[in-house]
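**Q** What follows is entry15.csv, CSV, C-alpha atoms.
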chain,number,residue,atom,x,y,z
A,1,MET,CA,45.6,-6.7,21.4
A,2,GLU,CA,45.1,-7.7,17.8
A,3,LEU,CA,42.1,-7.5,15.5
A,4,ARG,CA,41.7,-11.3,15.5
A,5,HIS,CA,41.2,-11.1,19.3
A,6,ILE,CA,38.2,-8.8,18.8
A,7,ARG,CA,36.8,-11.1,16.0
A,8,TYR,CA,37.2,-14.2,18.1
A,9,PHE,CA,35.7,-12.5,21.2
A,10,LEU,CA,32.6,-11.3,19.3
A,11,ALA,CA,32.1,-14.7,17.7
A,12,VAL,CA,32.1,-16.4,21.1
A,13,ALA,CA,29.8,-13.6,22.5
A,14,GLU,CA,27.3,-14.1,19.7
A,15,GLU,CA,27.3,-17.9,19.9
A,16,MET,CA,27.8,-18.2,23.7
A,17,SER,CA,29.7,-21.4,22.9
A,18,PHE,CA,33.3,-22.0,22.2
A,19,THR,CA,32.4,-25.0,20.1
A,20,ARG,CA,29.9,-23.2,17.8
A,21,ALA,CA,32.2,-20.1,17.6
A,22,ALA,CA,35.1,-22.2,16.5
A,23,GLU,CA,33.0,-23.8,13.8
A,24,LYS,CA,31.8,-20.4,12.6
A,25,LEU,CA,35.4,-19.2,12.5
A,26,CYS,CA,36.7,-22.4,10.9
A,27,ILE,CA,39.3,-22.9,13.6
A,28,ALA,CA,39.9,-25.5,16.3
A,29,GLN,CA,38.4,-24.9,19.7
A,30,PRO,CA,41.6,-25.1,21.8
A,31,PRO,CA,43.3,-22.3,20.0
A,32,LEU,CA,40.2,-20.2,20.2
A,33,SER,CA,39.9,-20.7,24.0
A,34,ARG,CA,43.6,-19.8,24.3
A,35,GLN,CA,43.1,-16.6,22.4
A,36,ILE,CA,40.2,-15.5,24.6
A,37,LYS,CA,42.3,-16.3,27.7
A,38,ASP,CA,45.1,-14.2,26.3
A,39,LEU,CA,42.7,-11.4,25.8
A,40,GLU,CA,41.4,-11.6,29.3
A,41,GLU,CA,44.9,-11.6,30.7
A,42,GLU,CA,45.8,-8.6,28.7
A,43,LEU,CA,42.7,-6.7,29.9
A,44,GLY,CA,43.1,-7.9,33.4
A,45,VAL,CA,39.5,-9.0,33.6
A,46,THR,CA,37.3,-12.0,33.1
A,47,LEU,CA,35.1,-11.6,30.1
A,48,PHE,CA,33.1,-14.9,30.3
A,49,VAL,CA,31.7,-16.9,33.2
A,50,ARG,CA,32.5,-20.5,32.2
A,51,LYS,CA,29.9,-23.0,33.3
A,52,PRO,CA,29.8,-26.8,32.5
A,53,HIS,CA,27.3,-26.4,29.6
A,54,ALA,CA,27.0,-22.6,29.2
A,55,LEU,CA,28.8,-19.3,28.9
A,56,GLN,CA,27.7,-16.0,30.2
A,57,LEU,CA,29.2,-12.5,29.7
A,58,THR,CA,30.5,-10.8,32.8
A,59,GLU,CA,29.7,-7.1,33.3
A,60,GLU,CA,33.1,-6.3,31.9
A,61,GLY,CA,32.5,-8.6,29.0
A,62,GLN,CA,29.2,-6.8,28.2
A,63,VAL,CA,31.0,-3.4,28.1
A,64,PHE,CA,33.9,-4.8,26.0
A,65,ARG,CA,31.4,-6.2,23.6
A,66,GLN,CA,29.9,-2.8,22.9
A,67,TYR,CA,33.3,-1.3,22.1
A,68,ALA,CA,34.5,-4.4,20.2
A,69,SER,CA,31.5,-4.2,17.9
A,70,ARG,CA,32.2,-0.5,17.2
A,71,VAL,CA,35.9,-1.2,16.4
A,72,LEU,CA,35.0,-4.0,14.0
A,73,ASP,CA,32.4,-1.9,12.3
A,74,LEU,CA,34.9,0.9,11.8
A,75,VAL,CA,37.5,-1.5,10.5
A,76,ASN,CA,35.1,-3.0,8.0
A,77,LYS,CA,33.7,0.4,7.0
A,78,SER,CA,37.1,1.9,6.5
A,79,ALA,CA,38.2,-1.0,4.2
A,80,GLU,CA,35.0,-0.5,2.1
A,81,ASP,CA,35.5,3.2,1.8
A,82,VAL,CA,39.1,2.9,0.7
A,83,LYS,CA,38.2,0.3,-1.9
A,84,GLU,CA,35.3,2.4,-3.2
A,85,ILE,CA,37.6,5.3,-4.0
A,86,HIS,CA,38.8,3.3,-7.0
A,87,GLY,CA,36.1,0.8,-7.8
A,88,GLY,CA,32.8,2.3,-6.7
A,89,LEU,CA,30.3,0.8,-4.2
A,90,HIS,CA,31.0,-2.9,-3.7
A,91,GLY,CA,30.7,-5.6,-1.1
A,92,THR,CA,28.2,-8.3,-0.2
A,93,ILE,CA,24.8,-7.5,1.3
A,94,TYR,CA,23.4,-10.3,3.6
A,95,LEU,CA,19.6,-10.6,3.3
A,96,ALA,CA,17.0,-12.9,4.8
A,97,SER,CA,13.3,-13.2,4.0
A,98,VAL,CA,10.2,-15.2,4.5
A,99,GLU,CA,8.2,-16.8,1.7
A,100,GLY,CA,5.2,-15.2,0.2
A,101,HIS,CA,5.8,-11.9,-1.7
A,102,ALA,CA,9.1,-11.2,0.0
A,103,PRO,CA,11.3,-12.9,-2.6
A,104,ALA,CA,9.6,-10.8,-5.3
A,105,LEU,CA,10.2,-7.6,-3.3
A,106,PHE,CA,13.9,-8.4,-2.8
A,107,SER,CA,14.4,-9.4,-6.4
A,108,GLY,CA,12.9,-6.1,-7.6
A,109,TRP,CA,14.9,-4.0,-5.3
A,110,ILE,CA,18.1,-5.9,-6.1
A,111,ALA,CA,17.5,-5.5,-9.9
A,112,GLY,CA,17.0,-1.7,-9.5
A,113,PHE,CA,20.0,-1.3,-7.1
A,114,GLN,CA,22.2,-3.4,-9.3
A,115,LYS,CA,21.8,-1.0,-12.2
A,116,GLN,CA,23.3,1.8,-10.0
A,117,HIS,CA,25.9,-0.3,-8.3
A,118,PRO,CA,26.9,-3.3,-10.5
A,119,MET,CA,29.9,-4.3,-8.2
A,120,VAL,CA,27.7,-5.2,-5.2
A,121,SER,CA,27.0,-8.9,-4.5
A,122,TYR,CA,24.1,-10.4,-2.5
A,123,ASN,CA,23.6,-13.4,-0.2
A,124,LEU,CA,20.0,-14.3,0.2
A,125,TRP,CA,18.6,-16.7,2.8
A,126,ASN,CA,15.0,-17.9,3.2
A,127,GLY,CA,13.1,-19.3,6.2
A,128,ASN,CA,10.1,-18.7,8.4
A,129,SER,CA,9.7,-15.5,10.4
A,130,ASP,CA,11.3,-16.9,13.7
A,131,GLU,CA,14.3,-18.2,11.8
A,132,VAL,CA,14.8,-14.9,9.9
A,133,ILE,CA,14.6,-12.8,13.1
A,134,ASN,CA,17.0,-15.2,14.8
A,135,ARG,CA,19.4,-14.7,11.9
A,136,LEU,CA,19.1,-10.9,12.1
A,137,THR,CA,19.7,-10.8,15.9
A,138,LYS,CA,22.8,-13.0,15.6
A,139,GLY,CA,24.3,-10.8,12.9
A,140,LEU,CA,24.0,-13.4,10.2
A,141,CYS,CA,22.1,-11.0,8.0
A,142,GLU,CA,21.9,-7.2,7.7
A,143,LEU,CA,18.4,-6.7,6.4
A,144,ALA,CA,15.4,-9.0,7.1
A,145,LEU,CA,12.1,-9.1,5.3
A,146,ILE,CA,9.2,-10.7,7.3
A,147,MET,CA,5.4,-10.4,7.8
A,148,GLU,CA,3.8,-8.7,10.7
A,149,PRO,CA,3.1,-9.2,13.5
A,150,HIS,CA,6.6,-9.9,15.0
A,151,ASN,CA,8.1,-9.8,18.5
A,152,ALA,CA,11.7,-8.8,17.5
A,153,GLU,CA,13.2,-6.4,19.9
A,154,GLY,CA,15.9,-3.8,19.3
A,155,VAL,CA,15.2,-3.4,15.6
A,156,PHE,CA,14.1,-0.7,13.2
A,157,SER,CA,11.2,-1.6,10.9
A,158,LEU,CA,10.0,-0.2,7.6
A,159,PRO,CA,6.6,-1.1,6.2
A,160,VAL,CA,7.1,-2.0,2.5
A,161,TYR,CA,4.1,-3.9,1.2
A,162,SER,CA,0.6,-5.2,2.1
A,163,GLU,CA,-1.7,-7.8,0.6
A,164,PRO,CA,-5.2,-9.3,1.3
A,165,TRP,CA,-5.8,-12.6,3.0
A,166,ILE,CA,-7.3,-15.3,0.8
A,167,ALA,CA,-8.9,-18.7,1.2
A,168,MET,CA,-7.6,-21.6,-0.8
A,169,ILE,CA,-10.6,-23.9,-1.1
A,170,PRO,CA,-10.8,-27.5,-2.4
A,171,SER,CA,-12.9,-27.6,-5.5
A,172,GLU,CA,-15.1,-30.2,-3.9
A,173,CYS,CA,-16.1,-27.8,-1.2
A,174,PRO,CA,-19.5,-26.1,-1.7
A,175,LEU,CA,-17.9,-22.6,-1.1
A,176,ALA,CA,-15.7,-23.2,-4.1
A,177,GLN,CA,-18.7,-23.7,-6.3
A,178,GLU,CA,-20.5,-20.5,-5.4
A,179,PRO,CA,-20.1,-17.5,-7.8
A,180,GLY,CA,-17.8,-14.6,-7.1
A,181,ASP,CA,-14.2,-14.1,-6.1
A,182,THR,CA,-14.8,-13.4,-2.4
A,183,VAL,CA,-15.8,-15.6,0.5
A,184,ASP,CA,-17.2,-14.8,3.9
A,185,PHE,CA,-14.7,-15.7,6.7
A,186,GLN,CA,-17.5,-16.5,9.1
A,187,ARG,CA,-18.7,-19.2,6.7
A,188,VAL,CA,-15.2,-20.5,6.1
A,189,ILE,CA,-14.7,-21.3,9.7
A,190,GLN,CA,-17.4,-24.0,9.5
A,191,TYR,CA,-14.8,-26.2,7.8
A,192,ASP,CA,-11.5,-27.7,8.8
A,193,LEU,CA,-8.8,-25.1,8.4
A,194,ILE,CA,-5.1,-25.0,7.4
A,195,ILE,CA,-3.3,-21.9,8.8
A,196,PRO,CA,0.2,-20.6,9.3
A,197,SER,CA,2.2,-22.2,12.2
A,198,ARG,CA,3.1,-19.0,14.0
A,199,ASP,CA,1.2,-18.5,17.3
A,200,SER,CA,0.8,-14.8,16.4
A,201,ARG,CA,-1.1,-15.9,13.3
A,202,LEU,CA,-3.4,-18.1,15.2
A,203,GLN,CA,-4.2,-15.3,17.6
A,204,GLU,CA,-4.7,-12.9,14.7
A,205,ILE,CA,-7.1,-15.2,12.8
A,206,SER,CA,-9.0,-16.1,16.0
A,207,GLY,CA,-9.5,-12.3,16.5
A,208,TRP,CA,-11.6,-12.2,13.3
A,209,LEU,CA,-14.3,-14.4,14.8
A,210,SER,CA,-17.6,-12.6,15.2
A,211,SER,CA,-18.2,-13.9,18.7
A,212,PRO,CA,-16.0,-15.4,21.4
A,213,GLU,CA,-18.2,-18.5,21.5
A,214,LYS,CA,-17.0,-19.5,18.0
A,215,LYS,CA,-13.9,-21.6,17.6
A,216,LEU,CA,-11.6,-22.4,14.8
A,217,LYS,CA,-11.4,-26.0,13.6
A,218,VAL,CA,-7.7,-26.0,12.8
A,219,ARG,CA,-6.8,-29.3,11.1
A,220,CYS,CA,-3.2,-28.4,10.2
A,221,ARG,CA,-0.7,-25.7,10.9
A,222,ILE,CA,2.1,-25.2,8.4
A,223,ALA,CA,5.3,-23.1,8.1
A,224,HIS,CA,5.6,-23.1,4.3
A,225,MET,CA,2.9,-22.2,1.9
A,226,LEU,CA,3.7,-24.9,-0.7
A,227,ASN,CA,2.6,-27.4,1.9
A,228,ALA,CA,-0.6,-25.5,2.4
A,229,TYR,CA,-1.4,-25.5,-1.3
A,230,GLU,CA,-0.8,-29.2,-1.6
A,231,LEU,CA,-2.9,-30.0,1.5
A,232,THR,CA,-5.7,-28.0,0.1
A,233,ARG,CA,-5.4,-29.8,-3.3
A,234,GLN,CA,-5.8,-33.1,-1.4
A,235,ASN,CA,-9.0,-31.8,0.3
A,236,VAL,CA,-7.5,-31.8,3.8
A,237,GLY,CA,-9.1,-28.4,4.5
A,238,ILE,CA,-9.4,-24.8,3.6
A,239,THR,CA,-6.2,-22.8,3.8
A,240,ILE,CA,-6.3,-19.3,5.2
A,241,TYR,CA,-3.1,-17.4,4.1
A,242,PRO,CA,-1.9,-14.1,2.6
A,243,ALA,CA,-2.6,-13.7,-1.1
A,244,SER,CA,0.9,-14.5,-2.2
A,245,ALA,CA,0.1,-18.2,-1.3
A,246,ASN,CA,-1.7,-18.4,-4.6
A,247,ILE,CA,1.2,-20.2,-6.3
A,248,GLY,CA,-0.7,-22.5,-8.7
A,249,THR,CA,-3.5,-22.8,-11.2
A,250,ASP,CA,-4.6,-26.3,-10.4
A,251,SER,CA,-8.4,-26.7,-11.1
A,252,SER,CA,-8.7,-28.7,-7.8
A,253,VAL,CA,-8.1,-25.5,-5.8
A,254,CYS,CA,-10.3,-22.4,-5.9
A,255,ILE,CA,-8.8,-19.0,-4.6
A,256,LYS,CA,-11.1,-16.4,-3.1
A,257,LYS,CA,-10.4,-13.2,-1.2
A,258,LEU,CA,-11.6,-13.3,2.4
A,259,VAL,CA,-14.2,-10.7,3.5
A,260,ASN,CA,-16.1,-10.1,6.8
A,261,PRO,CA,-13.6,-9.1,7.9
A,262,GLN,CA,-11.4,-8.0,5.0
A,263,MET,CA,-7.9,-8.0,6.4
A,264,THR,CA,-4.5,-7.3,5.0
A,265,ALA,CA,-1.1,-8.9,5.7
A,266,SER,CA,1.9,-6.5,5.9
A,267,TYR,CA,5.6,-7.0,5.1
A,268,VAL,CA,8.2,-5.1,7.0
A,269,LEU,CA,12.0,-4.7,6.4
A,270,LEU,CA,14.0,-5.0,9.7
A,271,TRP,CA,17.5,-4.1,10.7
A,272,ASP,CA,19.3,-4.2,14.0
A,273,LYS,CA,19.5,-1.0,16.1
A,274,ASN,CA,22.7,-2.2,17.7
A,275,ARG,CA,24.7,-3.0,14.6
A,276,THR,CA,26.2,-0.7,12.0
A,277,LEU,CA,25.2,-1.6,8.5
A,278,SER,CA,27.9,-2.1,5.9
A,279,HIS,CA,28.1,0.8,3.4
A,280,ALA,CA,26.6,-1.4,0.7
A,281,ALA,CA,23.7,-2.4,3.0
A,282,GLU,CA,23.2,1.2,4.1
A,283,GLU,CA,22.9,2.4,0.5
A,284,PHE,CA,20.6,-0.4,-0.4
A,285,LEU,CA,18.4,0.5,2.6
A,286,LYS,CA,18.3,4.2,1.4
A,287,PHE,CA,17.4,2.9,-2.1
A,288,VAL,CA,14.5,0.8,-0.7
A,289,GLN,CA,13.3,3.7,1.5
A,290,GLY,CA,13.1,5.9,-1.6
A,291,LEU,CA,11.0,3.4,-3.4
A,292,VAL,CA,8.7,2.8,-0.5
A,293,GLN,CA,8.2,6.5,0.0
A,294,VAL,CA,7.0,6.8,-3.6
A,295,CYS,CA,4.7,3.8,-3.3
A,296,PHE,CA,3.1,4.9,-0.1
Translate this file's structure into structure tokens.
**A**
Amino acid sequence: MELRHIRYFLAVAEEMSFTRAAEKLCIAQPPLSRQIKDLEEELGVTLFVRKPHALQLTEEGQVFRQYASRVLDLVNKSAEDVKEIHGGLHGTIYLASVEGHAPALFSGWIAGFQKQHPMVSYNLWNGNSDEVINRLTKGLCELALIMEPHNAEGVFSLPVYSEPWIAMIPSECPLAQEPGDTVDFQRVIQYDLIIPSRDSRLQEISGWLSSPEKKLKVRCRIAHMLNAYELTRQNVGITIYPASANIGTDSSVCIKKLVNPQMTASYVLLWDKNRTLSHAAEEFLKFVQGLVQVCF
């Protein structure tokens, strides 16, 4: 058994598709299938149940996956440790985040960490919460920064930041013309609303209603806050979003903090319980934990 067999097996186990695994590994599918078959023959077991349009790990395959992951983690970690003897901490940290305040958080952490470890590189990816969590569970990133609530399983989480919810109000709306920098949520719901697309957000906002008889008039659900701002600017409705959505100074949009209730949105840093972080990512996490401990 060679190291490439382990890498190939884990790629197929993660993608549950020889085609997608071959694309990920940048090799042709037939050689990949042959390598997995050779591995099964060497072990004397079947690792995958092959169906016309799907793959499934056998019980033996599930056990082998656990050991294969550990072996590959040890190989990667040993290579990093040997190189660091001469060159200090280095490597690439794979990160993923949502929009909002997350990019600012990651940027600040990277800037501070870079002063201590200038040889480390970073790969940052941005998407919505579901996309970020999917990337984490597939092993495509090591640390993920999203907003609560989330339904990710098998992860550690670290609260790192919170911010108030706001209403982005078209200047033509009567609420925008009232004095003060706050607005009552129970009055906002009289108007057409623009809210985040996640179902958990809809449930959360619905929970702020003062009585079960009241209903939200949701005109539009959006995944990216730039769309929310532009829709508000065009007087489509009032946007309810965490405060970091305040990305412009256009006079056609009035920003007010929501009260009654006054709620906060929280950001959490996630990492997979079942994967070993690279040395660089592990040190980066320790660095962030130290900053968060001071802030909280």
**Q** Ranking A:Phe18, A:Tyr229, A:Trp109, A:Tyr122 by minimum distance to His90 of chain A and counting all atoms listed in the file, which one comes first?
**A**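 Selected residue with least distance to His90 of chain A: A:Tyr122.
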**Q** Select, counting all atoms listed in the file, all protein, DNA and RNA residues no farther than 10 Å from (-16.0, -23.5, -0.1) in file coordinates, and express the selection as a list in words.
**A**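 Answer for this query, in the requested form: Ala167, Met168, Ile169, Pro170, Ser171, Glu172, Cys173, Pro174, Leu175, Ala176, Gln177, Glu178, Val183, Asp184, Arg187, Val188, Gln190, Tyr191, Gly237, Ile238, Val253, Cys254, Ile255 and Lys256 of chain A.
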**Q** Can you write just those residues out, C-alpha atoms, as a short mmCIF file (atom, residue, chain, number, x, y, z; two decimals), in the coordinates of the input?
**A**
data_model
loop_
_atom_site.label_atom_id
_atom_site.label_comp_id
_atom_site.auth_asym_id
_atom_site.auth_seq_id
_atom_site.Cartn_x
_atom_site.Cartn_y
_atom_site.Cartn_z
CA ALA A 167 -8.90 -18.70 1.20
CA MET A 168 -7.60 -21.60 -0.80
CA ILE A 169 -10.60 -23.90 -1.10
CA PRO A 170 -10.80 -27.50 -2.40
CA SER A 171 -12.90 -27.60 -5.50
CA GLU A 172 -15.10 -30.20 -3.90
CA CYS A 173 -16.10 -27.80 -1.20
CA PRO A 174 -19.50 -26.10 -1.70
CA LEU A 175 -17.90 -22.60 -1.10
CA ALA A 176 -15.70 -23.20 -4.10
CA GLN A 177 -18.70 -23.70 -6.30
CA GLU A 178 -20.50 -20.50 -5.40
CA VAL A 183 -15.80 -15.60 0.50
CA ASP A 184 -17.20 -14.80 3.90
CA ARG A 187 -18.70 -19.20 6.70
CA VAL A 188 -15.20 -20.50 6.10
CA GLN A 190 -17.40 -24.00 9.50
CA TYR A 191 -14.80 -26.20 7.80
CA GLY A 237 -9.10 -28.40 4.50
CA ILE A 238 -9.40 -24.80 3.60
CA VAL A 253 -8.10 -25.50 -5.80
CA CYS A 254 -10.30 -22.40 -5.90
CA ILE A 255 -8.80 -19.00 -4.60
CA LYS A 256 -11.10 -16.40 -3.10
#
**Q** Can you pull out the residues contacting His150 of chain A? Cut-off 9 Å, using all atoms listed in the file, and skip same-chain residues under 2 positions away; I want them as a count of residues only.
**A** 9
**Q** My list of candidates is A:Tyr67, A:Tyr161, A:Trp125, A:Tyr241. Which is closest to Ala144 of chain A when distances are computed with only C-alpha atoms?
**A**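 The closest residue to Ala144 of chain A is A:Trp125.
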**Q** What's around Glu283 of chain A at 12 Å? Count all atoms listed in the file, leave out sequence neighbours fewer than 2 positions away in its own chain, and write the answer as a list of chain:residue names.
**A**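 Close residues of Glu283 of chain A: A:Leu89, A:His90, A:Gly91, A:Thr92, A:Ile93, A:Trp109, A:Ile110, A:Phe113, A:Gln114, A:Gln116, A:His117, A:Val120, A:Leu143, A:Leu277, A:Ser278, A:His279, A:Ala280, A:Ala281, A:Leu285, A:Lys286, A:Phe287, A:Val288, A:Gln289, A:Gly290.
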**Q** So how many Å separate atom CA of Lys215 of chain A and atom CA of Arg201 of chain A, to one decimal?
**A**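 Atom CA of Lys215 of chain A sits 14.7 Å away from atom CA of Arg201 of chain A.
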**Q** Report, in Å with one decimal, the straight-line distance from atom CA of Phe284 of chain A to atom CA of Arg4 of chain A.
**A**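 Atom-to-atom, atom CA of Phe284 of chain A and atom CA of Arg4 of chain A are spaced 28.6 Å apart.
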**Q** Identify, on the basis of all atoms listed in the file, every residue whose closest approach to segment 50-56 of chain A does not exceed 10 Å; exclude the query and any residue fewer than 4 positions from it along the same chain; express the result as a ChimeraX atom specification.
**A** /A:12-13,15-18,46,61-62
**Q** Kindly give the distance, in Å, that separates atom CA of Val160 of chain A and atom CA of Val98 of chain A, rounded to a single decimal.
**A**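 Straight-line distance from atom CA of Val160 of chain A to atom CA of Val98 of chain A works out to 13.7 Å.
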**Q** So, counting only C-alpha atoms, which residue among A:Gly180, A:Val259, A:Ile6, A:Glu41 is closest to Arg70 of chain A?
**A**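 Smallest separation from Arg70 of chain A among the options: A:Ile6.
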**Q** Pick the closest to Pro196 of chain A from A:Gly154, A:Pro179, A:Pro212, A:Pro242: which is it, counting all atoms listed in the file?
**A** A:Pro242
**Q** Show me the residues close to (-0.7, -13.2, 5.9) - anything with an atom within 12 Å, counting only C-alpha atoms - and format the list as a PyMOL selection string.
**A** chain A and resi 98-102+129+146-149+161-167+195-198+200-202+204-205+223-225+239-246+258+262-267
**Q** For the residues selected in the previous step, produce a file with C-alpha atoms as a JSON list (two decimals), keeping the file's coordinate frame.
**A**
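This went into out-v6.json:
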[["chain", "number", "residue", "atom", "x", "y", "z"],
["A", 98, "VAL", "CA", 10.20, -15.20, 4.50],
["A", 99, "GLU", "CA", 8.20, -16.80, 1.70],
["A", 100, "GLY", "CA", 5.20, -15.20, 0.20],
["A", 101, "HIS", "CA", 5.80, -11.90, -1.70],
["A", 102, "ALA", "CA", 9.10, -11.20, 0.00],
["A", 129, "SER", "CA", 9.70, -15.50, 10.40],
["A", 146, "ILE", "CA", 9.20, -10.70, 7.30],
["A", 147, "MET", "CA", 5.40, -10.40, 7.80],
["A", 148, "GLU", "CA", 3.80, -8.70, 10.70],
["A", 149, "PRO", "CA", 3.10, -9.20, 13.50],
["A", 161, "TYR", "CA", 4.10, -3.90, 1.20],
["A", 162, "SER", "CA", 0.60, -5.20, 2.10],
["A", 163, "GLU", "CA", -1.70, -7.80, 0.60],
["A", 164, "PRO", "CA", -5.20, -9.30, 1.30],
["A", 165, "TRP", "CA", -5.80, -12.60, 3.00],
["A", 166, "ILE", "CA", -7.30, -15.30, 0.80],
["A", 167, "ALA", "CA", -8.90, -18.70, 1.20],
["A", 195, "ILE", "CA", -3.30, -21.90, 8.80],
["A", 196, "PRO", "CA", 0.20, -20.60, 9.30],
["A", 197, "SER", "CA", 2.20, -22.20, 12.20],
["A", 198, "ARG", "CA", 3.10, -19.00, 14.00],
["A", 200, "SER", "CA", 0.80, -14.80, 16.40],
["A", 201, "ARG", "CA", -1.10, -15.90, 13.30],
["A", 202, "LEU", "CA", -3.40, -18.10, 15.20],
["A", 204, "GLU", "CA", -4.70, -12.90, 14.70],
["A", 205, "ILE", "CA", -7.10, -15.20, 12.80],
["A", 223, "ALA", "CA", 5.30, -23.10, 8.10],
["A", 224, "HIS", "CA", 5.60, -23.10, 4.30],
["A", 225, "MET", "CA", 2.90, -22.20, 1.90],
["A", 239, "THR", "CA", -6.20, -22.80, 3.80],
["A", 240, "ILE", "CA", -6.30, -19.30, 5.20],
["A", 241, "TYR", "CA", -3.10, -17.40, 4.10],
["A", 242, "PRO", "CA", -1.90, -14.10, 2.60],
["A", 243, "ALA", "CA", -2.60, -13.70, -1.10],
["A", 244, "SER", "CA", 0.90, -14.50, -2.20],
["A", 245, "ALA", "CA", 0.10, -18.20, -1.30],
["A", 246, "ASN", "CA", -1.70, -18.40, -4.60],
["A", 258, "LEU", "CA", -11.60, -13.30, 2.40],
["A", 262, "GLN", "CA", -11.40, -8.00, 5.00],
["A", 263, "MET", "CA", -7.90, -8.00, 6.40],
["A", 264, "THR", "CA", -4.50, -7.30, 5.00],
["A", 265, "ALA", "CA", -1.10, -8.90, 5.70],
["A", 266, "SER", "CA", 1.90, -6.50, 5.90],
["A", 267, "TYR", "CA", 5.60, -7.00, 5.10]]
**Q** Since the input is missing atoms, can you rebuild N, CA, C and O atoms for segment 233-244 of chain A and write them as an mmCIF file, in the frame of the given file?
**A**
data_model
loop_
_atom_site.group_PDB
_atom_site.id
_atom_site.type_symbol
_atom_site.label_atom_id
_atom_site.label_comp_id
_atom_site.auth_asym_id
_atom_site.auth_seq_id
_atom_site.Cartn_x
_atom_site.Cartn_y
_atom_site.Cartn_z
ATOM 1 N N ARG A 233 -5.130 -29.006 -2.027
ATOM 2 C CA ARG A 233 -5.400 -29.800 -3.300
ATOM 3 C C ARG A 233 -5.857 -31.182 -2.959
ATOM 4 O O ARG A 233 -6.645 -31.766 -3.705
ATOM 5 N N GLN A 234 -5.401 -31.719 -1.819
ATOM 6 C CA GLN A 234 -5.800 -33.100 -1.400
ATOM 7 C C GLN A 234 -7.049 -33.071 -0.538
ATOM 8 O O GLN A 234 -7.396 -34.086 0.060
ATOM 9 N N ASN A 235 -7.724 -31.913 -0.454
ATOM 10 C CA ASN A 235 -9.000 -31.800 0.300
ATOM 11 C C ASN A 235 -8.866 -32.055 1.769
ATOM 12 O O ASN A 235 -9.793 -32.540 2.422
ATOM 13 N N VAL A 236 -7.709 -31.665 2.345
ATOM 14 C CA VAL A 236 -7.500 -31.800 3.800
ATOM 15 C C VAL A 236 -8.283 -30.705 4.531
ATOM 16 O O VAL A 236 -8.776 -30.931 5.634
ATOM 17 N N GLY A 237 -8.393 -29.540 3.915
ATOM 18 C CA GLY A 237 -9.100 -28.400 4.500
ATOM 19 C C GLY A 237 -8.992 -27.184 3.700
ATOM 20 O O GLY A 237 -8.434 -27.197 2.597
ATOM 21 N N ILE A 238 -9.523 -26.088 4.212
ATOM 22 C CA ILE A 238 -9.400 -24.800 3.600
ATOM 23 C C ILE A 238 -8.247 -24.027 4.171
ATOM 24 O O ILE A 238 -8.134 -23.927 5.400
ATOM 25 N N THR A 239 -7.385 -23.527 3.330
ATOM 26 C CA THR A 239 -6.200 -22.800 3.800
ATOM 27 C C THR A 239 -6.536 -21.299 3.896
ATOM 28 O O THR A 239 -7.094 -20.707 2.967
ATOM 29 N N ILE A 240 -6.176 -20.704 5.025
ATOM 30 C CA ILE A 240 -6.300 -19.300 5.200
ATOM 31 C C ILE A 240 -4.830 -18.728 5.197
ATOM 32 O O ILE A 240 -4.029 -19.103 6.062
ATOM 33 N N TYR A 241 -4.527 -17.871 4.243
ATOM 34 C CA TYR A 241 -3.100 -17.400 4.100
ATOM 35 C C TYR A 241 -3.130 -16.098 3.325
ATOM 36 O O TYR A 241 -4.088 -15.756 2.627
ATOM 37 N N PRO A 242 -2.053 -15.315 3.455
ATOM 38 C CA PRO A 242 -1.900 -14.100 2.600
ATOM 39 C C PRO A 242 -1.953 -14.418 1.159
ATOM 40 O O PRO A 242 -1.628 -15.537 0.745
ATOM 41 N N ALA A 243 -2.302 -13.435 0.341
ATOM 42 C CA ALA A 243 -2.600 -13.700 -1.100
ATOM 43 C C ALA A 243 -1.448 -14.258 -1.868
ATOM 44 O O ALA A 243 -1.674 -14.945 -2.861
ATOM 45 N N SER A 244 -0.207 -14.018 -1.456
ATOM 46 C CA SER A 244 0.900 -14.500 -2.200
ATOM 47 C C SER A 244 1.003 -16.056 -2.169
ATOM 48 O O SER A 244 1.795 -16.667 -2.889
#
